[in-house]
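Raw query_32.json, JSON, C-alpha atoms and all ligand atoms:
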```json
[["chain", "number", "residue", "atom", "x", "y", "z"],
["A", 1, "MET", "CA", 5.04, -27.77, 67.09],
["A", 2, "VAL", "CA", 3.30, -30.79, 68.59],
["A", 3, "GLU", "CA", 4.96, -34.09, 67.79],
["A", 4, "LEU", "CA", 2.24, -36.49, 66.75],
["A", 5, "PRO", "CA", 2.50, -40.22, 66.02],
["A", 6, "PRO", "CA", 2.81, -40.97, 62.27],
["A", 7, "LEU", "CA", -0.36, -41.52, 60.27],
["A", 8, "TYR", "CA", 0.73, -45.05, 59.35],
["A", 9, "ASP", "CA", 0.21, -46.09, 62.98],
["A", 10, "ASP", "CA", -3.55, -45.69, 62.46],
["A", 11, "LEU", "CA", -4.17, -45.98, 58.72],
["A", 12, "THR", "CA", -3.43, -48.79, 56.27],
["A", 13, "PHE", "CA", -3.38, -46.38, 53.31],
["A", 14, "LEU", "CA", -3.42, -42.59, 53.16],
["A", 15, "SER", "CA", -6.67, -42.81, 51.23],
["A", 16, "PRO", "CA", -10.21, -44.09, 51.90],
["A", 17, "LEU", "CA", -9.47, -47.61, 50.69],
["A", 18, "SER", "CA", -10.81, -50.79, 52.28],
["A", 19, "GLU", "CA", -8.92, -54.07, 52.45],
["A", 20, "GLN", "CA", -11.43, -55.57, 50.01],
["A", 21, "ARG", "CA", -11.11, -52.82, 47.41],
["A", 22, "ALA", "CA", -7.32, -52.77, 47.74],
["A", 23, "ALA", "CA", -7.21, -56.52, 47.16],
["A", 24, "GLY", "CA", -9.28, -56.15, 43.98],
["A", 25, "LEU", "CA", -7.08, -53.38, 42.61],
["A", 26, "VAL", "CA", -3.90, -55.31, 43.44],
["A", 27, "ALA", "CA", -5.30, -58.44, 41.76],
["A", 28, "HIS", "CA", -6.10, -56.40, 38.66],
["A", 29, "LEU", "CA", -2.48, -55.24, 38.42],
["A", 30, "ALA", "CA", -1.04, -58.66, 39.19],
["A", 31, "GLU", "CA", -3.12, -60.63, 36.65],
["A", 32, "ALA", "CA", -1.23, -58.88, 33.85],
["A", 33, "ARG", "CA", 2.02, -60.31, 35.33],
["A", 34, "PRO", "CA", 3.91, -57.01, 35.38],
["A", 35, "GLY", "CA", 7.69, -57.11, 35.49],
["A", 36, "THR", "CA", 8.04, -53.48, 36.55],
["A", 37, "LEU", "CA", 5.90, -51.50, 38.99],
["A", 38, "LEU", "CA", 5.99, -47.80, 39.81],
["A", 39, "ASP", "CA", 4.08, -45.97, 42.56],
["A", 40, "ILE", "CA", 4.17, -42.17, 42.47],
["A", 41, "GLY", "CA", 3.38, -40.56, 45.81],
["A", 42, "CYS", "CA", 3.67, -44.00, 47.41],
["A", 43, "GLY", "CA", 3.44, -42.80, 51.03],
["A", 44, "TRP", "CA", 4.59, -45.64, 53.28],
["A", 45, "GLY", "CA", 4.44, -48.07, 50.38],
["A", 46, "GLU", "CA", 1.67, -50.40, 51.51],
["A", 47, "PHE", "CA", -0.09, -50.60, 48.14],
["A", 48, "LEU", "CA", 3.13, -51.10, 46.16],
["A", 49, "LEU", "CA", 4.34, -53.80, 48.53],
["A", 50, "ARG", "CA", 1.07, -55.69, 48.17],
["A", 51, "ALA", "CA", 1.28, -55.39, 44.38],
["A", 52, "ALA", "CA", 4.87, -56.69, 44.41],
["A", 53, "GLU", "CA", 3.85, -59.62, 46.61],
["A", 54, "ALA", "CA", 1.03, -60.48, 44.19],
["A", 55, "ALA", "CA", 3.32, -60.25, 41.14],
["A", 56, "PRO", "CA", 6.18, -62.63, 41.86],
["A", 57, "GLY", "CA", 9.48, -61.65, 40.27],
["A", 58, "SER", "CA", 8.39, -58.07, 39.63],
["A", 59, "ARG", "CA", 10.56, -55.12, 40.57],
["A", 60, "GLY", "CA", 9.02, -52.06, 42.16],
["A", 61, "LEU", "CA", 9.95, -48.44, 42.61],
["A", 62, "GLY", "CA", 8.06, -46.16, 45.00],
["A", 63, "VAL", "CA", 8.74, -42.42, 45.14],
["A", 64, "ASP", "CA", 7.59, -39.86, 47.64],
["A", 65, "LEU", "CA", 9.01, -36.75, 49.28],
["A", 66, "GLU", "CA", 8.32, -37.59, 52.93],
["A", 67, "PRO", "CA", 11.44, -39.16, 54.49],
["A", 68, "GLN", "CA", 9.63, -40.69, 57.48],
["A", 69, "ARG", "CA", 7.08, -42.43, 55.23],
["A", 70, "LEU", "CA", 9.85, -43.73, 52.95],
["A", 71, "GLU", "CA", 11.77, -45.06, 55.93],
["A", 72, "GLU", "CA", 8.65, -46.93, 57.05],
["A", 73, "ALA", "CA", 8.17, -48.24, 53.49],
["A", 74, "ARG", "CA", 11.74, -49.61, 53.44],
["A", 75, "ARG", "CA", 11.27, -51.16, 56.87],
["A", 76, "ARG", "CA", 8.08, -52.90, 55.64],
["A", 77, "ALA", "CA", 9.81, -54.08, 52.46],
["A", 78, "ALA", "CA", 12.68, -55.60, 54.44],
["A", 79, "SER", "CA", 10.38, -57.27, 56.97],
["A", 80, "ARG", "CA", 8.40, -58.94, 54.14],
["A", 81, "GLY", "CA", 11.49, -60.11, 52.28],
["A", 82, "LEU", "CA", 10.91, -57.60, 49.47],
["A", 83, "GLY", "CA", 13.96, -55.41, 50.12],
["A", 84, "GLU", "CA", 15.75, -56.74, 47.06],
["A", 85, "ARG", "CA", 12.83, -56.27, 44.66],
["A", 86, "VAL", "CA", 11.20, -53.05, 45.83],
["A", 87, "SER", "CA", 13.03, -49.79, 46.41],
["A", 88, "PHE", "CA", 11.74, -46.52, 47.79],
["A", 89, "GLU", "CA", 13.36, -43.27, 46.78],
["A", 90, "ALA", "CA", 12.96, -39.68, 47.94],
["A", 91, "ARG", "CA", 12.28, -38.17, 44.54],
["A", 92, "ASP", "CA", 9.87, -35.71, 43.05],
["A", 93, "GLY", "CA", 7.41, -37.70, 40.96],
["A", 94, "ARG", "CA", 7.79, -35.18, 38.13],
["A", 95, "GLU", "CA", 11.40, -36.31, 37.64],
["A", 96, "ILE", "CA", 10.60, -39.94, 37.00],
["A", 97, "THR", "CA", 11.06, -41.19, 33.46],
["A", 98, "GLY", "CA", 10.83, -44.61, 31.88],
["A", 99, "SER", "CA", 8.20, -47.04, 30.74],
["A", 100, "PHE", "CA", 6.64, -49.35, 33.33],
["A", 101, "ASP", "CA", 4.31, -52.33, 33.03],
["A", 102, "ALA", "CA", 2.14, -51.12, 35.89],
["A", 103, "VAL", "CA", 1.85, -47.73, 37.53],
["A", 104, "VAL", "CA", -0.01, -46.68, 40.66],
["A", 105, "CYS", "CA", -0.95, -43.12, 41.53],
["A", 106, "ILE", "CA", -3.43, -42.73, 44.37],
["A", 107, "GLY", "CA", -4.25, -39.29, 45.73],
["A", 108, "ALA", "CA", -1.15, -37.74, 44.23],
["A", 109, "SER", "CA", -2.24, -35.89, 41.07],
["A", 110, "HIS", "CA", -1.10, -32.66, 42.69],
["A", 111, "VAL", "CA", 2.47, -33.85, 42.01],
["A", 112, "TRP", "CA", 1.98, -32.39, 38.52],
["A", 113, "GLY", "CA", 0.06, -29.29, 39.47],
["A", 114, "LEU", "CA", 0.18, -26.55, 42.02],
["A", 115, "PRO", "CA", 0.40, -27.50, 45.71],
["A", 116, "VAL", "CA", -2.93, -28.12, 47.46],
["A", 117, "GLU", "CA", -2.40, -24.90, 49.46],
["A", 118, "ALA", "CA", -2.64, -22.89, 46.20],
["A", 119, "ALA", "CA", -6.39, -23.68, 46.23],
["A", 120, "GLN", "CA", -6.59, -24.12, 42.46],
["A", 121, "PRO", "CA", -8.62, -26.69, 40.49],
["A", 122, "LEU", "CA", -6.88, -30.05, 40.63],
["A", 123, "ASP", "CA", -4.94, -30.52, 37.40],
["A", 124, "TYR", "CA", -6.06, -34.05, 36.52],
["A", 125, "ALA", "CA", -5.10, -33.52, 32.86],
["A", 126, "ALA", "CA", -1.47, -32.79, 33.73],
["A", 127, "ALA", "CA", -1.39, -35.89, 35.93],
["A", 128, "LEU", "CA", -2.97, -38.16, 33.31],
["A", 129, "THR", "CA", -0.62, -36.84, 30.62],
["A", 130, "ALA", "CA", 2.45, -37.50, 32.78],
["A", 131, "LEU", "CA", 1.19, -40.89, 33.91],
["A", 132, "ARG", "CA", 0.44, -41.96, 30.32],
["A", 133, "GLY", "CA", 4.08, -41.26, 29.53],
["A", 134, "LEU", "CA", 5.15, -43.68, 32.27],
["A", 135, "VAL", "CA", 2.98, -46.67, 31.28],
["A", 136, "ARG", "CA", 4.00, -48.81, 28.33],
["A", 137, "PRO", "CA", 1.29, -49.40, 25.71],
["A", 138, "GLY", "CA", -0.91, -52.19, 27.08],
["A", 139, "GLY", "CA", 0.34, -51.55, 30.60],
["A", 140, "ARG", "CA", -1.97, -50.78, 33.50],
["A", 141, "LEU", "CA", -2.53, -47.76, 35.69],
["A", 142, "ILE", "CA", -4.37, -47.70, 39.00],
["A", 143, "TYR", "CA", -5.42, -44.09, 39.29],
["A", 144, "GLY", "CA", -7.09, -42.95, 42.50],
["A", 145, "GLU", "CA", -8.21, -39.37, 42.85],
["A", 146, "ALA", "CA", -10.67, -37.08, 44.56],
["A", 147, "VAL", "CA", -13.92, -36.24, 42.77],
["A", 148, "TRP", "CA", -17.17, -34.58, 43.76],
["A", 149, "SER", "CA", -19.55, -37.39, 44.73],
["A", 150, "ALA", "CA", -22.40, -34.92, 44.79],
["A", 151, "ALA", "CA", -22.77, -31.32, 43.68],
["A", 152, "PRO", "CA", -20.44, -29.31, 45.91],
["A", 153, "THR", "CA", -22.23, -27.55, 48.75],
["A", 154, "PRO", "CA", -21.08, -24.31, 50.39],
["A", 155, "ALA", "CA", -20.33, -26.27, 53.59],
["A", 156, "ALA", "CA", -18.16, -28.76, 51.67],
["A", 157, "THR", "CA", -16.19, -26.19, 49.70],
["A", 158, "ALA", "CA", -15.69, -24.06, 52.83],
["A", 159, "ALA", "CA", -14.01, -27.07, 54.45],
["A", 160, "LEU", "CA", -11.80, -27.58, 51.39],
["A", 161, "SER", "CA", -10.37, -24.97, 49.00],
["A", 162, "GLY", "CA", -13.45, -22.76, 48.86],
["A", 163, "ARG", "CA", -14.17, -23.40, 45.18],
["A", 164, "ASP", "CA", -16.69, -25.51, 43.29],
["A", 165, "ASP", "CA", -14.25, -26.30, 40.51],
["A", 166, "GLU", "CA", -11.54, -27.86, 42.71],
["A", 167, "TYR", "CA", -12.64, -31.35, 41.59],
["A", 168, "LEU", "CA", -14.47, -32.98, 38.71],
["A", 169, "GLN", "CA", -17.40, -35.33, 39.01],
["A", 170, "LEU", "CA", -16.88, -38.99, 38.21],
["A", 171, "ASP", "CA", -18.29, -38.94, 34.68],
["A", 172, "ALA", "CA", -16.11, -36.00, 33.65],
["A", 173, "LEU", "CA", -12.97, -37.60, 35.07],
["A", 174, "THR", "CA", -13.79, -40.88, 33.32],
["A", 175, "ALA", "CA", -14.09, -39.00, 30.02],
["A", 176, "LEU", "CA", -10.80, -37.21, 30.70],
["A", 177, "ALA", "CA", -8.97, -40.52, 31.23],
["A", 178, "SER", "CA", -10.29, -41.74, 27.86],
["A", 179, "THR", "CA", -9.03, -38.67, 26.05],
["A", 180, "HIS", "CA", -5.58, -39.01, 27.64],
["A", 181, "GLY", "CA", -4.60, -42.30, 26.06],
["A", 182, "PHE", "CA", -6.26, -44.82, 28.35],
["A", 183, "THR", "CA", -9.00, -47.39, 27.99],
["A", 184, "VAL", "CA", -11.11, -47.32, 31.12],
["A", 185, "GLU", "CA", -11.51, -50.88, 32.41],
["A", 186, "SER", "CA", -13.31, -50.10, 35.64],
["A", 187, "VAL", "CA", -14.42, -47.18, 37.76],
["A", 188, "GLU", "CA", -15.20, -47.43, 41.46],
["A", 189, "GLU", "CA", -15.81, -44.94, 44.22],
["A", 190, "ALA", "CA", -14.92, -45.20, 47.89],
["A", 191, "SER", "CA", -17.98, -45.93, 50.01],
["A", 192, "ARG", "CA", -19.24, -43.88, 52.94],
["A", 193, "GLU", "CA", -17.86, -46.63, 55.21],
["A", 194, "GLU", "CA", -14.40, -46.30, 53.69],
["A", 195, "TRP", "CA", -14.53, -42.53, 54.16],
["A", 196, "ASP", "CA", -15.70, -42.81, 57.77],
["A", 197, "ALA", "CA", -12.93, -45.30, 58.56],
["A", 198, "PHE", "CA", -10.35, -43.10, 56.84],
["A", 199, "GLU", "CA", -11.42, -39.96, 58.67],
["A", 200, "ALA", "CA", -11.49, -41.81, 62.01],
["A", 201, "GLY", "CA", -7.95, -43.08, 61.40],
["A", 202, "PHE", "CA", -6.82, -39.65, 60.27],
["A", 203, "VAL", "CA", -7.73, -38.01, 63.60],
["A", 204, "ARG", "CA", -6.80, -40.98, 65.75],
["A", 205, "ARG", "CA", -3.28, -39.68, 66.32],
["A", 206, "LEU", "CA", -4.73, -36.49, 67.80],
["A", 207, "GLU", "CA", -6.98, -38.52, 70.10],
["A", 208, "ARG", "CA", -4.05, -40.70, 71.12],
["A", 209, "TRP", "CA", -1.91, -37.66, 71.84],
["A", 210, "LEU", "CA", -4.65, -36.25, 74.09],
["A", 211, "GLU", "CA", -5.03, -39.63, 75.85],
["A", 212, "GLY", "CA", -1.30, -39.65, 76.56],
["A", 213, "HIS", "CA", -0.95, -36.08, 77.83],
["A", 214, "GLN", "CA", -2.34, -34.22, 80.78],
["A", 215, "GLY", "CA", -5.14, -31.73, 80.09],
["A", 216, "ASP", "CA", -2.93, -28.90, 81.35],
["A", 217, "HIS", "CA", -0.14, -29.66, 78.86],
["A", 218, "PRO", "CA", 0.65, -26.37, 77.03],
["A", 219, "ASP", "CA", -0.25, -27.94, 73.64],
["A", 220, "ALA", "CA", -3.45, -29.68, 74.77],
["A", 221, "ASP", "CA", -5.80, -26.88, 73.76],
["A", 222, "ASP", "CA", -4.20, -26.67, 70.34],
["A", 223, "VAL", "CA", -4.53, -30.42, 69.75],
["A", 224, "ARG", "CA", -8.14, -30.42, 70.99],
["A", 225, "THR", "CA", -8.91, -27.57, 68.59],
["A", 226, "GLN", "CA", -7.29, -29.41, 65.67],
["A", 227, "LEU", "CA", -9.33, -32.51, 66.48],
["A", 228, "GLY", "CA", -12.60, -30.60, 66.74],
["A", 229, "GLU", "CA", -11.98, -28.66, 63.55],
["A", 230, "GLN", "CA", -11.11, -31.73, 61.50],
["A", 231, "ARG", "CA", -14.20, -33.61, 62.72],
["A", 232, "GLU", "CA", -16.33, -30.57, 61.94],
["A", 233, "ARG", "CA", -14.81, -30.15, 58.47],
["A", 234, "TYR", "CA", -15.70, -33.73, 57.65],
["A", 235, "LEU", "CA", -19.01, -34.34, 59.43],
["A", 236, "ASN", "CA", -20.61, -30.99, 58.69],
["A", 237, "GLY", "CA", -18.59, -30.22, 55.60],
["A", 238, "TYR", "CA", -17.47, -32.63, 52.90],
["A", 239, "ARG", "CA", -18.89, -35.98, 54.14],
["A", 240, "GLY", "CA", -20.79, -37.50, 51.23],
["A", 241, "VAL", "CA", -19.73, -34.69, 48.89],
["A", 242, "LEU", "CA", -16.02, -35.33, 48.48],
["A", 243, "GLY", "CA", -15.42, -38.69, 46.88],
["A", 244, "LEU", "CA", -12.43, -40.79, 45.94],
["A", 245, "ALA", "CA", -12.54, -42.53, 42.57],
["A", 246, "TYR", "CA", -10.44, -45.57, 41.71],
["A", 247, "PHE", "CA", -9.85, -46.26, 38.02],
["A", 248, "THR", "CA", -8.22, -49.26, 36.45],
["A", 249, "LEU", "CA", -6.88, -48.02, 33.14],
["A", 250, "VAL", "CA", -5.01, -49.67, 30.28],
["A", 251, "ALA", "CA", -2.64, -47.55, 28.22],
["A", 252, "ASP", "CA", -3.62, -47.40, 24.54],
["A", 301, "LIG", "C1", -2.65, -38.49, 49.72],
["A", 301, "LIG", "S1", -1.06, -39.16, 49.89],
["A", 301, "LIG", "C2", -1.31, -40.76, 49.16],
["A", 301, "LIG", "C3", -0.25, -41.75, 49.53],
["A", 301, "LIG", "C4", -0.43, -43.14, 48.95],
["A", 301, "LIG", "N1", -0.55, -43.12, 47.51],
["A", 301, "LIG", "C5", -1.62, -43.83, 49.55],
["A", 301, "LIG", "O1", -2.67, -43.90, 48.93],
["A", 301, "LIG", "O2", -1.49, -44.30, 50.70],
["A", 301, "LIG", "C6", -0.08, -38.32, 48.64],
["A", 301, "LIG", "C7", 1.41, -38.62, 48.75],
["A", 301, "LIG", "O3", 2.07, -37.91, 47.68],
["A", 301, "LIG", "C8", 3.32, -37.45, 48.17],
["A", 301, "LIG", "N2", 3.82, -36.36, 47.31],
["A", 301, "LIG", "C9", 3.40, -35.08, 47.28],
["A", 301, "LIG", "N3", 4.08, -34.38, 46.35],
["A", 301, "LIG", "C10", 4.95, -35.25, 45.77],
["A", 301, "LIG", "C11", 5.92, -35.14, 44.72],
["A", 301, "LIG", "N4", 6.12, -33.98, 44.09],
["A", 301, "LIG", "N5", 6.60, -36.25, 44.38],
["A", 301, "LIG", "C12", 6.39, -37.44, 45.01],
["A", 301, "LIG", "N6", 5.48, -37.59, 46.00],
["A", 301, "LIG", "C13", 4.77, -36.52, 46.38],
["A", 301, "LIG", "C14", 3.00, -37.03, 49.61],
["A", 301, "LIG", "O4", 4.16, -36.96, 50.41],
["A", 301, "LIG", "C15", 2.04, -38.13, 50.05],
["A", 301, "LIG", "O5", 2.71, -39.19, 50.69]]
```

Take the structure in this file and express it as structure tokens.
Ligand SMILES: C[S@@+](CC[C@H](N)C(=O)[O-])C[C@H]1O[C@@H](n2cnc3c(N)ncnc32)[C@H](O)[C@@H]1O
Amino acid sequence: MVELPPLYDDLTFLSPLSEQRAAGLVAHLAEARPGTLLDIGCGWGEFLLRAAEAAPGSRGLGVDLEPQRLEEARRRAASRGLGERVSFEARDGREITGSFDAVVCIGASHVWGLPVEAAQPLDYAAALTALRGLVRPGGRLIYGEAVWSAAPTPAATAALSGRDDEYLQLDALTALASTHGFTVESVEEASREEWDAFEAGFVRRLERWLEGHQGDHPDADDVRTQLGEQRERYLNGYRGVLGLAYFTLVAD
């Protein structure tokens, strides 16, 4: 098993999300002056930490299952003086209960469905139902999730789960949010530039590994293959077809 640098060395978020869009979403959460924040599938915590910084006095909880990401999240919290207000716990998002003023869930709907490897349609409804239970009435949810940006092509589905019904299109997901106890305040989609930057950051650790190792290293061929396959999957597969929608929702 090749040991690669962590994704947070090359990506700000584990999602196609620009600085500008992140700032807008954070501002939307903060303007409601939340006292409690929850991020399910928080990764290395960058979004939650920015939200906590923008909402002075708030307390935040981030949960994820990846110990290395959580360690990085705690390190970031401490270095920004947020260690007392924001905690990161290794917990399954399905176990979280309570009622929060603001909830964030970006790219983590699969927490409430089958694992991605099961290659089943993404269970947005299960995620929205669970998330509604975690937001107090009037509270806000930032919900980020994959959608089809265009009708799925054979090349795109071959690079993903192999099925046309893995994701919904934006209009259908917007309607689903409305029927799951939320008022939709805004709907945005990641741009092609955000996707290109995300994909470039995603493979950067493979490029850096190759730069740091001799071509005759026993793992070099494997890493080169991984890099080529991921670029191919994106550029000739799901680029422009797979989208990422960002919703700002208010709980009814
Ligand atoms: C696509 S990443 C998104 C991370 C983060 N929200 C972001 O946008 O940077 C999904 C995250 O969900 C986490 N995750 C997966 N299953 C989980 C579960 N059952 N409970 C909590 N977190 C989970 C993964 O470890 C991963 O960090």

(request) Kindly extract all protein, DNA and RNA residues lying within 9 Å of the coordinates (-12.2, -45.3, 30.4) given in the file, considering only C-alpha atoms, and supply them as a count of residues only. (result) 16

(message) Counting all atoms listed in the file, what are the residues, protein, DNA or RNA alike, that approach ligand LIG 301 (chain A) to within 10 Å? I want them as a VMD selection string.
(response) chain A and resid 8 11 to 17 39 to 48 62 to 70 89 to 96 104 to 116 143 to 146

(request) Measuring atom to atom with only C-alpha atoms, identify which of A:Ala51, A:Ala22, A:Leu37, A:Leu173 is nearest to Leu128 in chain A. (result) A:Leu173

(message) I need the residue nearest Ala32 in chain A from this list: A:Ala119, A:Ala54, A:Ala190, A:Leu131. Use only C-alpha atoms for the distance.
(response)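 Checking each candidate against Ala32 in chain A, we get A:Ala54 as the closest.
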
(message) Report, in Å to a single decimal, how far apart CA of Ala77 in chain A and CA of Ser58 in chain A are.
(response) 13.5 Å

(message) If we count all atoms listed in the file and set the cut-off at 7 Å, which residues sit around Arg140 in chain A, ignoring sequence neighbours fewer than 3 positions away in its own chain? Please answer as a list of chain:residue names.
(response) A:Leu29, A:Asp101, A:Ala102, A:Val103, A:Val135, A:Leu249, A:Val250, A:Ala251

Could you work out an axis-aligned bounding box for all listed atoms of range 191-207 of chain A, with 6 Å added on each of the six sides, and give its centre and edge lengths in Å to one decimal, as JSON?
```
{"center_x": -11.3, "center_y": -41.6, "center_z": 60.1, "size_x": 28.0, "size_y": 22.1, "size_z": 32.1}
```

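Minimum distance to Glu166 in chain A across A:Pro154, A:Gly98, A:Gly228, A:Pro121 (counting only C-alpha atoms) occurs at A:Pro121.
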
Shell around range 202-219 of chain A at 12 Å using only C-alpha atoms, local window under 5 positions removed, as a CSV table (one decimal) with C-alpha atoms, in the frame of the given file:
```
chain,number,residue,atom,x,y,z
A,1,MET,CA,5.0,-27.8,67.1
A,2,VAL,CA,3.3,-30.8,68.6
A,3,GLU,CA,5.0,-34.1,67.8
A,4,LEU,CA,2.2,-36.5,66.8
A,5,PRO,CA,2.5,-40.2,66.0
A,6,PRO,CA,2.8,-41.0,62.3
A,7,LEU,CA,-0.4,-41.5,60.3
A,8,TYR,CA,0.7,-45.0,59.4
A,9,ASP,CA,0.2,-46.1,63.0
A,10,ASP,CA,-3.6,-45.7,62.5
A,11,LEU,CA,-4.2,-46.0,58.7
A,12,THR,CA,-3.4,-48.8,56.3
A,13,PHE,CA,-3.4,-46.4,53.3
A,14,LEU,CA,-3.4,-42.6,53.2
A,15,SER,CA,-6.7,-42.8,51.2
A,16,PRO,CA,-10.2,-44.1,51.9
A,195,TRP,CA,-14.5,-42.5,54.2
A,196,ASP,CA,-15.7,-42.8,57.8
A,197,ALA,CA,-12.9,-45.3,58.6
A,224,ARG,CA,-8.1,-30.4,71.0
A,225,THR,CA,-8.9,-27.6,68.6
A,226,GLN,CA,-7.3,-29.4,65.7
A,227,LEU,CA,-9.3,-32.5,66.5
A,228,GLY,CA,-12.6,-30.6,66.7
A,229,GLU,CA,-12.0,-28.7,63.6
A,230,GLN,CA,-11.1,-31.7,61.5
A,231,ARG,CA,-14.2,-33.6,62.7
A,232,GLU,CA,-16.3,-30.6,61.9
A,233,ARG,CA,-14.8,-30.2,58.5
A,234,TYR,CA,-15.7,-33.7,57.6
```

(request) Place a sphere of radius 8 Å on (-23.9, -36.7, 44.4) in the file coordinates and name every protein, DNA or RNA residue with an atom inside or on its surface, counting only C-alpha atoms; give the answer as a list of chain:residue names. (result)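 I get A:Trp148, A:Ser149, A:Ala150, A:Ala151, A:Gly240, A:Val241 for the residues within 8 Å of that point.
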
Residues of the last selection are to be written out with C-alpha atoms, as a PDB file, keeping the file's coordinate frame.
```
ATOM      1  CA  TRP A 148     -17.170 -34.580  43.760  1.00  0.00           C
ATOM      2  CA  SER A 149     -19.550 -37.390  44.730  1.00  0.00           C
ATOM      3  CA  ALA A 150     -22.400 -34.920  44.790  1.00  0.00           C
ATOM      4  CA  ALA A 151     -22.770 -31.320  43.680  1.00  0.00           C
ATOM      5  CA  GLY A 240     -20.790 -37.500  51.230  1.00  0.00           C
ATOM      6  CA  VAL A 241     -19.730 -34.690  48.890  1.00  0.00           C
TER       7      VAL A 241
END
```

(message) Can you measure CA of Asn236 in chain A to CA of Gly201 in chain A for me? One decimal in Å is fine.
(response)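 Between CA of Asn236 in chain A and CA of Gly201 in chain A the gap works out to 17.7 Å.
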
(request) Grab the CA of Glu188 in chain A to CA of Leu25 in chain A distance for me, in Å with one decimal place. (result) 10.1 Å

(request) Go through A:Ser18, A:Ala220, A:Ala52, A:Arg74 one by one, measure the shortest atom-to-atom distance of each to Leu244 in chain A using only C-alpha atoms, and give the residue with the smallest value. (result) A:Ser18

(message) Just checking: using all atoms listed in the file, which residue out of A:Leu49, A:Leu141, A:Ala55, A:Leu38 ends up closest to Gly83 in chain A?
(response) A:Leu49

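Proximity to Asp164 in chain A was assessed for A:Glu31, A:Arg50, A:Ser87, A:Leu242 counting only C-alpha atoms; the smallest distance is recorded for A:Leu242.
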